[in-house]
Structures are given as C-alpha cells and as structure tokens.
>>> print(open('entry.tsv').read())   # TSV, C-alpha atoms and all ligand atoms
chain	number	residue	atom	x	y	z
A	567	MET	CA	-4.77	29.13	69.09
A	568	PRO	CA	-1.98	29.21	71.70
A	569	LEU	CA	1.10	27.33	70.50
A	570	ALA	CA	0.91	24.98	73.48
A	571	PHE	CA	-2.23	23.38	72.03
A	572	LEU	CA	-0.72	22.64	68.65
A	573	SER	CA	1.22	19.47	67.96
A	574	TRP	CA	4.85	19.89	67.06
A	575	SER	CA	4.32	19.22	63.38
A	576	GLU	CA	1.44	21.67	63.19
A	577	VAL	CA	3.77	24.37	64.45
A	578	LEU	CA	6.77	23.51	62.36
A	579	ILE	CA	5.21	22.80	59.00
A	580	PRO	CA	3.35	26.11	58.56
A	581	ILE	CA	6.45	28.06	59.57
A	582	ALA	CA	8.62	26.16	57.14
A	583	ARG	CA	6.01	26.48	54.42
A	584	ARG	CA	5.80	30.24	54.87
A	585	ALA	CA	9.56	30.56	54.64
A	586	PHE	CA	9.63	28.43	51.50
A	587	MET	CA	6.79	30.43	49.91
A	588	ALA	CA	8.57	33.67	50.73
A	589	ARG	CA	11.53	32.46	48.73
A	590	LEU	CA	9.41	31.33	45.80
A	591	LEU	CA	7.42	34.54	45.76
A	592	ALA	CA	10.63	36.52	45.66
A	593	GLY	CA	10.58	35.42	42.01
A	594	SER	CA	13.72	36.41	40.21
A	595	ALA	CA	15.16	37.56	43.54
A	596	LEU	CA	15.42	33.97	44.69
A	597	SER	CA	18.51	34.92	46.59
A	598	CYS	CA	16.13	36.00	49.36
A	599	LEU	CA	17.12	33.39	51.92
A	600	LEU	CA	15.59	31.84	54.93
A	601	PRO	CA	17.85	33.43	57.57
A	602	PRO	CA	20.16	30.89	59.21
A	603	ALA	CA	18.69	31.90	62.58
A	604	ALA	CA	15.27	30.68	61.47
A	605	VAL	CA	16.64	27.25	60.61
A	606	THR	CA	18.34	27.01	63.98
A	607	ALA	CA	15.12	27.97	65.72
A	608	LEU	CA	13.20	25.26	63.89
A	609	GLU	CA	15.71	22.63	64.92
A	610	LYS	CA	15.50	23.82	68.49
A	611	VAL	CA	11.73	23.52	68.52
A	612	GLY	CA	12.10	19.99	67.18
A	613	SER	CA	14.62	18.76	69.69
A	614	GLU	CA	12.65	20.14	72.64
A	615	ALA	CA	9.25	18.89	71.63
A	616	LYS	CA	10.02	15.52	70.04
A	617	PRO	CA	13.35	14.25	71.30
A	618	LYS	CA	12.91	10.72	69.95
A	619	MET	CA	12.26	11.50	66.29
A	620	SER	CA	14.58	10.02	63.71
A	621	ARG	CA	17.78	11.72	62.74
A	622	VAL	CA	19.46	11.71	59.35
A	623	PRO	CA	23.23	11.18	59.16
A	624	THR	CA	25.00	14.03	57.36
A	625	MET	CA	28.65	14.83	56.68
A	626	THR	CA	28.65	17.15	59.70
A	627	GLY	CA	26.64	14.95	62.06
A	628	PRO	CA	23.08	13.72	62.42
A	629	VAL	CA	20.22	16.18	61.92
A	630	HIS	CA	16.57	15.99	62.76
A	631	CYS	CA	14.64	14.64	59.78
A	632	ASP	CA	12.13	17.48	60.16
A	633	SER	CA	14.81	20.12	59.70
A	634	LEU	CA	16.04	19.07	56.24
A	635	GLY	CA	14.25	21.95	54.48
A	636	THR	CA	14.47	22.25	50.70
A	637	THR	CA	16.16	19.01	49.70
A	638	LEU	CA	17.58	17.74	46.41
A	639	MET	CA	17.42	13.96	46.65
A	640	HIS	CA	19.85	12.87	43.92
A	641	GLU	CA	23.08	14.85	43.60
A	642	HIS	CA	26.86	14.38	43.45
A	643	LEU	CA	29.44	16.55	45.19
A	644	LEU	CA	32.16	14.90	43.15
A	645	TRP	CA	31.91	12.41	40.35
A	646	PHE	CA	34.22	9.99	38.57
A	647	GLY	CA	34.36	8.06	35.34
A	648	GLY	CA	35.78	8.58	31.94
A	649	PRO	CA	34.18	10.23	28.96
A	650	ARG	CA	30.63	9.01	28.50
A	651	ARG	CA	31.11	8.43	24.80
A	652	GLN	CA	33.86	5.85	25.23
A	653	ASP	CA	32.31	4.57	28.45
A	654	SER	CA	35.82	4.05	29.73
A	655	GLY	CA	34.86	3.04	33.24
A	656	TYR	CA	36.09	4.26	36.59
A	657	THR	CA	38.61	7.09	36.61
A	658	PRO	CA	39.56	8.72	39.91
A	659	ILE	CA	40.02	12.47	40.33
A	660	PRO	CA	43.53	13.38	39.08
A	661	ALA	CA	45.94	14.00	41.97
A	662	ASP	CA	46.74	17.52	40.78
A	663	LYS	CA	43.03	18.39	40.60
A	664	ARG	CA	41.98	17.41	44.10
A	665	GLN	CA	42.14	20.87	45.65
A	666	GLU	CA	40.58	22.55	42.66
A	667	SER	CA	37.77	19.99	42.85
A	668	VAL	CA	37.10	20.97	46.47
A	669	GLU	CA	37.05	24.68	45.60
A	670	PHE	CA	34.66	24.16	42.71
A	671	ALA	CA	32.33	21.91	44.73
A	672	VAL	CA	32.21	24.52	47.51
A	673	SER	CA	31.38	27.26	44.99
A	674	LEU	CA	28.47	25.22	43.59
A	675	LEU	CA	27.15	24.58	47.11
A	676	ASN	CA	27.42	28.24	48.07
A	677	GLU	CA	25.47	29.15	44.95
A	678	ALA	CA	22.81	26.60	45.95
A	679	ALA	CA	22.62	27.98	49.49
A	680	ARG	CA	22.12	31.50	48.14
A	681	VAL	CA	18.94	30.42	46.32
A	682	GLY	CA	17.49	28.59	49.29
A	683	ILE	CA	18.58	24.96	49.03
A	684	ASN	CA	19.22	23.46	52.47
A	685	THR	CA	20.13	19.79	51.97
A	686	LEU	CA	21.65	17.61	49.25
A	687	VAL	CA	21.57	13.82	49.18
A	688	ASP	CA	24.88	12.74	47.67
A	689	LEU	CA	24.58	9.55	45.65
A	690	THR	CA	28.25	8.98	44.83
A	691	PRO	CA	28.68	5.87	47.01
A	692	HIS	CA	32.44	5.56	46.45
A	693	ARG	CA	34.00	8.92	47.19
A	694	PRO	CA	37.20	10.38	48.62
A	695	ILE	CA	35.85	11.02	52.08
A	696	ASP	CA	38.72	13.38	52.95
A	697	LEU	CA	37.71	15.74	50.14
A	698	TYR	CA	34.06	15.42	51.12
A	699	GLN	CA	34.97	16.44	54.67
A	700	GLN	CA	36.75	19.54	53.42
A	701	ILE	CA	33.80	20.47	51.23
A	702	ALA	CA	31.16	19.85	53.93
A	703	GLN	CA	33.04	21.89	56.52
A	704	ARG	CA	33.06	24.90	54.23
A	705	SER	CA	29.43	24.73	53.14
A	706	PRO	CA	26.19	25.75	54.84
A	707	ILE	CA	24.39	22.98	52.92
A	708	ARG	CA	23.82	19.69	54.67
A	709	ILE	CA	25.14	16.69	52.79
A	710	VAL	CA	23.66	13.23	53.32
A	711	PRO	CA	26.40	10.80	52.22
A	712	SER	CA	25.72	7.37	50.73
A	713	THR	CA	27.20	3.91	50.65
A	714	GLY	CA	26.54	1.19	48.09
A	715	PHE	CA	27.42	0.34	44.53
A	716	TYR	CA	26.99	2.30	41.30
A	717	ARG	CA	27.13	0.49	37.91
A	718	ARG	CA	29.71	-2.28	37.97
A	719	ALA	CA	31.65	-0.90	35.01
A	720	LYS	CA	31.96	2.51	36.64
A	721	ILE	CA	33.15	1.78	40.18
A	722	PRO	CA	36.58	1.20	41.73
A	723	PRO	CA	37.92	-2.31	41.04
A	724	TYR	CA	37.81	-3.41	44.70
A	725	LEU	CA	34.03	-2.90	44.62
A	726	ALA	CA	33.47	-4.23	41.10
A	727	ARG	CA	35.26	-7.48	42.01
A	728	MET	CA	33.06	-8.14	45.03
A	729	GLU	CA	30.97	-11.27	44.39
A	730	ASP	CA	29.99	-12.55	47.82
A	731	PRO	CA	26.56	-11.21	48.87
A	732	ASN	CA	27.59	-11.35	52.53
A	733	GLN	CA	30.66	-9.25	51.80
A	734	MET	CA	28.48	-6.70	49.97
A	735	TYR	CA	26.14	-6.63	52.96
A	736	GLU	CA	28.96	-6.24	55.50
A	737	TYR	CA	30.62	-3.49	53.45
A	738	MET	CA	27.45	-1.38	53.28
A	739	LEU	CA	26.42	-2.17	56.85
A	740	LYS	CA	29.77	-0.96	58.16
A	741	GLU	CA	29.46	2.37	56.33
A	742	VAL	CA	25.94	2.82	57.72
A	743	VAL	CA	26.59	1.75	61.30
A	744	GLU	CA	30.25	2.58	61.97
A	745	GLY	CA	31.34	5.09	59.38
A	746	ILE	CA	32.75	5.61	55.91
A	747	GLN	CA	36.37	4.65	55.17
A	748	GLY	CA	37.53	4.68	58.78
A	749	THR	CA	35.77	7.92	59.74
A	750	LYS	CA	32.83	8.34	62.08
A	751	ILE	CA	30.76	9.75	59.20
A	752	ARG	CA	27.81	7.42	58.71
A	753	ALA	CA	26.09	6.90	55.37
A	754	GLY	CA	22.48	8.08	55.44
A	755	ILE	CA	21.30	6.27	52.32
A	756	ILE	CA	22.28	3.26	50.20
A	757	LYS	CA	22.82	3.62	46.44
A	758	VAL	CA	22.27	0.69	44.07
A	759	ALA	CA	22.25	0.71	40.28
A	760	ALA	CA	21.20	-1.14	37.17
A	761	GLU	CA	21.45	0.30	33.69
A	762	THR	CA	19.39	-2.22	31.74
A	763	SER	CA	16.43	-4.49	32.20
A	764	PRO	CA	16.60	-7.40	32.90
A	765	MET	CA	19.15	-6.79	35.62
A	766	THR	CA	22.35	-8.84	35.77
A	767	ASP	CA	22.91	-11.43	38.49
A	768	TRP	CA	25.54	-9.19	40.09
A	769	GLU	CA	23.12	-6.26	40.21
A	770	LYS	CA	20.46	-8.49	41.77
A	771	LYS	CA	22.94	-9.51	44.45
A	772	VAL	CA	23.67	-5.85	45.22
A	773	PHE	CA	19.96	-5.02	45.43
A	774	ARG	CA	19.30	-7.95	47.79
A	775	ALA	CA	22.26	-7.00	50.00
A	776	ALA	CA	21.00	-3.40	50.18
A	777	ALA	CA	17.53	-4.62	51.19
A	778	ARG	CA	19.14	-6.67	53.98
A	779	VAL	CA	20.96	-3.59	55.25
A	780	GLN	CA	17.68	-1.72	55.24
A	781	GLN	CA	15.99	-4.50	57.19
A	782	ALA	CA	18.79	-4.42	59.75
A	783	THR	CA	19.11	-0.65	60.11
A	784	GLY	CA	16.11	1.08	58.50
A	785	THR	CA	18.41	3.01	56.15
A	786	PRO	CA	16.67	4.23	52.99
A	787	ILE	CA	17.77	3.16	49.49
A	788	ALA	CA	18.09	5.06	46.19
A	789	THR	CA	18.45	3.31	42.86
A	790	HIS	CA	19.94	4.34	39.53
A	791	ASP	CA	17.48	3.13	36.93
A	792	GLY	CA	18.35	2.77	33.28
A	793	ALA	CA	15.15	1.23	31.95
A	794	GLY	CA	13.35	-0.96	34.44
A	795	ALA	CA	11.63	0.95	37.23
A	796	ARG	CA	9.11	-1.83	37.88
A	797	GLU	CA	11.77	-4.54	37.90
A	798	GLN	CA	13.87	-2.52	40.39
A	799	PHE	CA	10.85	-1.84	42.58
A	800	ASP	CA	9.74	-5.48	42.66
A	801	GLY	CA	13.29	-6.74	43.21
A	802	LEU	CA	13.77	-4.56	46.27
A	803	VAL	CA	10.37	-5.39	47.72
A	804	GLN	CA	10.87	-9.14	47.19
A	805	ALA	CA	14.23	-8.83	48.95
A	806	GLY	CA	12.54	-7.31	51.98
A	807	ALA	CA	12.84	-3.54	51.41
A	808	THR	CA	9.93	-1.31	52.42
A	809	PRO	CA	8.42	0.61	49.46
A	810	ARG	CA	8.17	3.93	51.29
A	811	ARG	CA	11.85	3.66	52.24
A	812	PHE	CA	13.38	3.66	48.76
A	813	PHE	CA	13.13	5.60	45.52
A	814	ILE	CA	13.79	4.86	41.87
A	815	SER	CA	15.93	7.50	40.14
A	816	HIS	CA	15.77	8.88	36.60
A	817	VAL	CA	12.40	7.24	35.97
A	818	ASP	CA	11.88	9.13	32.69
A	819	MET	CA	14.89	7.29	31.19
A	820	ALA	CA	12.61	4.42	30.20
A	821	LEU	CA	11.33	6.73	27.45
A	822	HIS	CA	14.69	6.10	25.79
A	823	GLY	CA	14.44	2.36	26.33
A	824	GLY	CA	11.38	1.69	24.21
A	825	LEU	CA	8.39	2.57	26.39
A	826	THR	CA	5.90	5.15	25.14
A	827	ARG	CA	5.08	7.92	27.55
A	828	GLU	CA	1.60	6.45	28.00
A	829	GLN	CA	3.09	3.07	28.96
A	830	LEU	CA	5.62	4.69	31.25
A	831	ALA	CA	3.00	6.87	32.95
A	832	LYS	CA	0.98	3.74	33.69
A	833	GLU	CA	4.02	1.97	35.12
A	834	LEU	CA	5.02	4.93	37.30
A	835	VAL	CA	1.50	5.39	38.66
A	836	SER	CA	1.40	1.68	39.55
A	837	ILE	CA	4.70	1.98	41.44
A	838	ALA	CA	3.45	5.05	43.32
A	839	ARG	CA	0.23	3.18	44.12
A	840	ASP	CA	2.36	0.39	45.62
A	841	GLY	CA	4.09	2.95	47.84
A	842	GLY	CA	7.28	3.67	45.88
A	843	TYR	CA	8.91	7.06	45.35
A	844	LEU	CA	9.82	8.33	41.85
A	845	GLU	CA	12.70	10.72	41.19
A	846	PHE	CA	13.04	13.07	38.17
A	847	ASP	CA	16.17	15.04	37.38
A	848	THR	CA	16.33	15.92	33.68
A	849	PHE	CA	15.35	19.58	34.10
A	850	GLY	CA	16.84	21.64	31.31
A	851	GLN	CA	17.94	18.63	29.27
A	852	GLU	CA	15.45	19.35	26.54
A	853	SER	CA	17.32	17.26	23.97
A	854	TYR	CA	17.11	14.32	26.33
A	855	THR	CA	13.60	14.38	27.79
A	856	PRO	CA	11.43	17.16	26.35
A	857	TRP	CA	9.52	19.26	28.86
A	858	ARG	CA	6.19	18.22	27.35
A	859	ASP	CA	6.95	14.57	28.12
A	860	LEU	CA	7.92	15.36	31.69
A	861	LEU	CA	4.70	17.35	32.13
A	862	TYR	CA	2.72	14.42	30.76
A	863	LEU	CA	4.26	11.99	33.27
A	864	TRP	CA	3.90	14.38	36.23
A	865	GLN	CA	0.31	15.13	35.34
A	866	ALA	CA	-0.52	11.42	35.19
A	867	ILE	CA	1.08	10.80	38.58
A	868	MET	CA	-0.57	13.83	40.19
A	869	GLU	CA	-4.00	13.13	38.70
A	870	ALA	CA	-3.79	9.65	40.19
A	871	GLY	CA	-3.22	11.33	43.57
A	872	PHE	CA	0.47	10.62	44.09
A	873	VAL	CA	2.21	13.99	44.26
A	874	ASN	CA	3.43	12.73	47.63
A	875	ARG	CA	5.56	10.15	45.82
A	876	MET	CA	7.56	12.53	43.59
A	877	PHE	CA	11.08	13.87	44.02
A	878	PHE	CA	12.76	16.56	41.90
A	879	SER	CA	16.54	16.89	41.75
A	880	MET	CA	19.30	17.89	39.32
A	881	ASP	CA	21.72	14.89	39.36
A	882	CYS	CA	24.41	17.55	38.91
A	883	ASN	CA	27.73	15.91	38.03
A	884	TRP	CA	30.90	16.89	36.28
A	885	ARG	CA	34.28	15.28	35.63
A	886	TRP	CA	37.80	16.24	34.68
A	887	GLU	CA	38.74	15.69	31.06
A	888	ASN	CA	42.00	16.98	29.57
A	889	GLY	CA	42.29	19.43	32.45
A	890	LYS	CA	38.80	20.83	31.94
A	891	LYS	CA	35.64	20.43	33.98
A	892	ILE	CA	32.97	18.78	31.84
A	893	PHE	CA	29.37	18.67	33.01
A	894	GLU	CA	27.15	15.74	32.07
A	895	GLY	CA	25.36	16.57	28.85
A	896	ALA	CA	28.18	18.74	27.49
A	897	ASP	CA	29.09	16.00	25.03
A	898	ALA	CA	27.44	13.15	23.13
A	899	PRO	CA	25.10	11.33	23.13
A	900	ASN	CA	22.67	14.02	24.37
A	901	VAL	CA	24.36	17.35	23.84
A	902	ASP	CA	22.99	20.18	25.92
A	903	PRO	CA	24.47	23.58	25.08
A	904	ASP	CA	23.51	24.75	28.58
A	905	ALA	CA	25.02	21.77	30.39
A	906	SER	CA	27.30	23.79	32.66
A	907	ARG	CA	24.35	25.83	33.92
A	908	ARG	CA	22.68	22.71	35.31
A	909	THR	CA	24.05	23.07	38.82
A	910	TYR	CA	22.15	22.44	42.09
A	911	ALA	CA	21.00	26.09	42.06
A	912	TYR	CA	19.33	25.58	38.67
A	913	MET	CA	16.46	23.90	40.52
A	914	MET	CA	15.47	27.22	42.09
A	915	THR	CA	16.63	29.68	39.42
A	916	ASP	CA	15.23	27.88	36.36
A	917	ALA	CA	13.30	24.68	37.08
A	918	VAL	CA	10.94	26.04	39.73
A	919	PRO	CA	10.01	29.19	37.74
A	920	ARG	CA	9.31	26.96	34.73
A	921	LEU	CA	7.17	24.64	36.85
A	922	LEU	CA	5.18	27.64	38.12
A	923	LYS	CA	4.70	28.84	34.55
A	924	SER	CA	3.52	25.36	33.55
A	925	GLY	CA	0.78	25.42	36.17
A	926	PHE	CA	2.39	23.85	39.22
A	927	THR	CA	1.17	25.53	42.40
A	928	GLU	CA	3.52	26.65	45.15
A	929	ASP	CA	1.93	24.05	47.42
A	930	VAL	CA	2.78	21.24	45.01
A	931	ILE	CA	6.37	22.41	44.65
A	932	TYR	CA	6.68	22.67	48.43
A	933	THR	CA	5.34	19.13	48.75
A	934	ILE	CA	7.90	17.78	46.29
A	935	LEU	CA	10.98	19.68	47.46
A	936	VAL	CA	10.35	19.87	51.21
A	937	GLU	CA	7.58	17.61	52.50
A	938	ASN	CA	8.34	14.47	50.51
A	939	PRO	CA	12.03	14.33	51.48
A	940	ARG	CA	11.09	14.93	55.12
A	941	ARG	CA	8.49	12.16	55.09
A	942	PHE	CA	10.87	9.80	53.29
A	943	PHE	CA	13.66	10.28	55.82
A	944	CYS	CA	11.30	10.31	58.81
A	945	GLY	CA	10.22	6.83	57.79
A	946	GLU	CA	6.51	7.60	57.77
B	1001	ZN	ZN	23.38	10.39	39.70
>>> encode(input="entry.tsv", output="structure tokens", more="lines below")
Ligand SMILES: [Zn+2]
Amino acid sequence: MPLAFLSWSEVLIPIARRAFMARLLAGSALSCLLPPAAVTALEKVGSEAKPKMSRVPTMTGPVHCDSLGTTLMHEHLLWFGGPRRQDSGYTPIPADKRQESVEFAVSLLNEAARVGINTLVDLTPHRPIDLYQQIAQRSPIRIVPSTGFYRRAKIPPYLARMEDPNQMYEYMLKEVVEGIQGTKIRAGIIKVAAETSPMTDWEKKVFRAAARVQQATGTPIATHDGAGAREQFDGLVQAGATPRRFFISHVDMALHGGLTREQLAKELVSIARDGGYLEFDTFGQESYTPWRDLLYLWQAIMEAGFVNRMFFSMDCNWRWENGKKIFEGADAPNVDPDASRRTYAYMMTDAVPRLLKSGFTEDVIYTILVENPRRFFCGE
C-alpha cells in the first residue's frame, strides 16, 4: 500500500516496532542501537503529518508524544535522603559532590542510551535544576522532569511545611505552566506520594491539589505507593483526576504490607479495569519481591486483558553516604548484593532477557516499554 494511504500512526508504529524488535533480537548484543537518524526521521514524519498532537515537556524542550520510544516511567537522575535504615529524612547532595554527581548521572544515561533506552521519566520532584540541566545537555536520553511532593519526611523543609492546599496547587501549577525554579523548563508530570494506608490528611491534600493541576492543565500524575494502590486510585479519581492520566508506582509493595499475592492480583486487576496504570520496578530485587510473585501478578493482569495498563521501570536511585555512592538495596532492610548493577540499562541487559525467558513475547514487551508510555502521554 502506498504510504499516502496509511494514517500517520499506521506508518510510525510498525517502523518503531521493527526498530525495537531489532534491538531485542540482537540478544546479548543489545548495544545494537536505533540510529539517531532514524529517531529524527520519525519525529519529522510526526510533525509534518499531525502538527496538533500533544507534546511532552522534557529537560531539553517539548517532544512529540509519539517519539518517546523506549521509555522508563519511574526513574531518578539524582536522589536525596539519608540512610534508609535510620530514615533520617531529607539530605541534599553534598556541595563537594555536585560535579561528581553530574558525571556519574551522565555515565548512567550514556550506558542506558547504548542499550536502546530513549526516554526517562524523572520522579524526583524537588531537584537541583542547574545540575539537571548540565546532565540533560550531555545526554542523548530525553528526560521528562516532574513537580510535586514526595513523602513528607523526605522532602526539603519548605515543601514539608506547606499546609495550604491552594499554595500546593499554585506551586505545582507554576512548575507545569511557567517552569521549574525560575527556568523555562516545564514539568511534564506530577509526583505525589503516600507510604502507608490509610493516607494522612497532608497526603490527601497533596493528592487533591495534584488532581486540580491535572484538571487545569491535563498534566499526568505518578504516585509513590507504599501499601494502598486502591486508596490512591480512588482518592485521585474522587478529586477529579482521569484514570488513564495517572499511574500507581511500586504496586507490588503491598505484598510487604499484608496482602497475599492473590488479594493483590485481584486489586490490581480491578484498578486496571477502572482505567488505571500500574507500575512495577523491582526487577533484580529478588530478596524484596521474588520473580515468581511478579510473574504471578503480571499473569493475572495480562490474563484479564490489561497488558495495556502495565509499566516497567527500574526506579534507579543512589545517594552519597560517607563519600561513597550507595544504590538503593545495597543496605538493610532488603539487601541486594547486586544493587549497584540495577541501573537504567539493567532493564534491557537483564530484565528484558529474563522476561523473554519467562515467556513474555516481544510484542508484549514492546507494548509495555514503548506503546503504553506513548498512549499515556498522548492522553488517549
Ligand atoms: Zn522512585
């Protein structure tokens, strides 16, 4: 069929799918990349054929939502906070480690680009934007920055002290509409968080303010979920958020909060049925969520027909401690001897091969890593 008779999406999707498959089929040689020229060509096709489609704000400017490519939906370029064990709250990056932090973040992104990752959604909503700018300018990976509030005990005091819902709303709205911390860089997603269920009153206020920002601007939302996926989902919907425009992160964590995997599978399927997206990111953390439990949950969701509601990511984060870089999972409570290998690239070098071995088809992996993020950001 001549190209002129195909719709834009019919042209783009098969091309992108072929490129993605080529990378997967390269097997251990996952460094076989989609050439940068191909990505540029895809964007060009998009802008010519569908000029009015939605664009996603990134650190280096807005991009067409159809050109995101392989996307990790829950990551962190830089992270903060004291040692997990003592739960010592918010700790900024040490002044003498700022430049080294940039260099290390760039090296992790370059490694991710080499194995075919195109876009990262950064869910550190309080970040030194100057360092983020340096990192983004030196990386081929697109970074979607966020605004919002992480857990109250883990964020800078000026955010933790905020009580007025209108002030919360205005703060997030400004970062979405005008830019982050006085820059013109707009946040492309809103992060909200609750560690326990039931949620605190302060967390509920944050969730409601985020839903208002979404109503005003259409910006998607990502949650951090400690134990209450259904409560988070219902709270956002009641506050006016649109189910297909937000996702619940770390949904397998409820296994550590008392639910059996059968109960959790039922809950997750019900959320997907109501239109919500579910994000998983404990790949390689066997001591935390065993692979067999993850497979059980994924199988339940897919058998119910909701592969189009799943996201896979790494939630890669590390912090400075006594002058050393410590990845999450390198210390108690869930010690992972391989913690420092769980970088963004791990998704393609380790997680995807394991998924293929466990019976996932290339089509399903493509749906989760490419199509679902595109659909989510396109607002369909
Ligand atoms: Zn995270």
>>> atom_distance(input="entry.tsv", atom1="CA of Arg810 (chain A)", atom2="CA of Gly945 (chain A)")
7.4 Å
>>> closest_residue(input="entry.tsv", among="A:Glu797, A:Glu677, A:Glu894, A:Asp840", to="ligand ZN 1001 (chain B)", atoms="all atoms listed in the file")
A:Glu894
>>> residues_around(input="entry.tsv", residues="Ala753 (chain A)", least_positions_apart="6", cutoff="8 Å", atoms="only C-alpha atoms", output="NGL selection string")
:A and (623-624 or 710-713 or 741-743 or 745-746)
>>> residues_near_ligand(input="entry.tsv", ligand="ligand ZN 1001 (chain B)", cutoff="10 Å", atoms="all atoms listed in the file", output="list in words")
Met639, His640, Glu641, His642, Trp645, Asp688, Leu689, Thr690, Tyr716, Lys757, Ala759, Ala788, Thr789, His790, Asp791, Ser815, His816, Asp847, Ser879, Met880, Asp881, Cys882 and Asn883 of chain A
>>> atom_distance(input="entry.tsv", atom1="CA of Thr749 (chain A)", atom2="CA of Pro660 (chain A)")
22.7 Å
>>> residues_around(input="entry.tsv", residues="region 915-927 of chain A", least_positions_apart="3", cutoff="7 Å", atoms="only C-alpha atoms", output="JSON, numbers by chain")
{"A": [596, 849, 911, 912, 930, 931]}
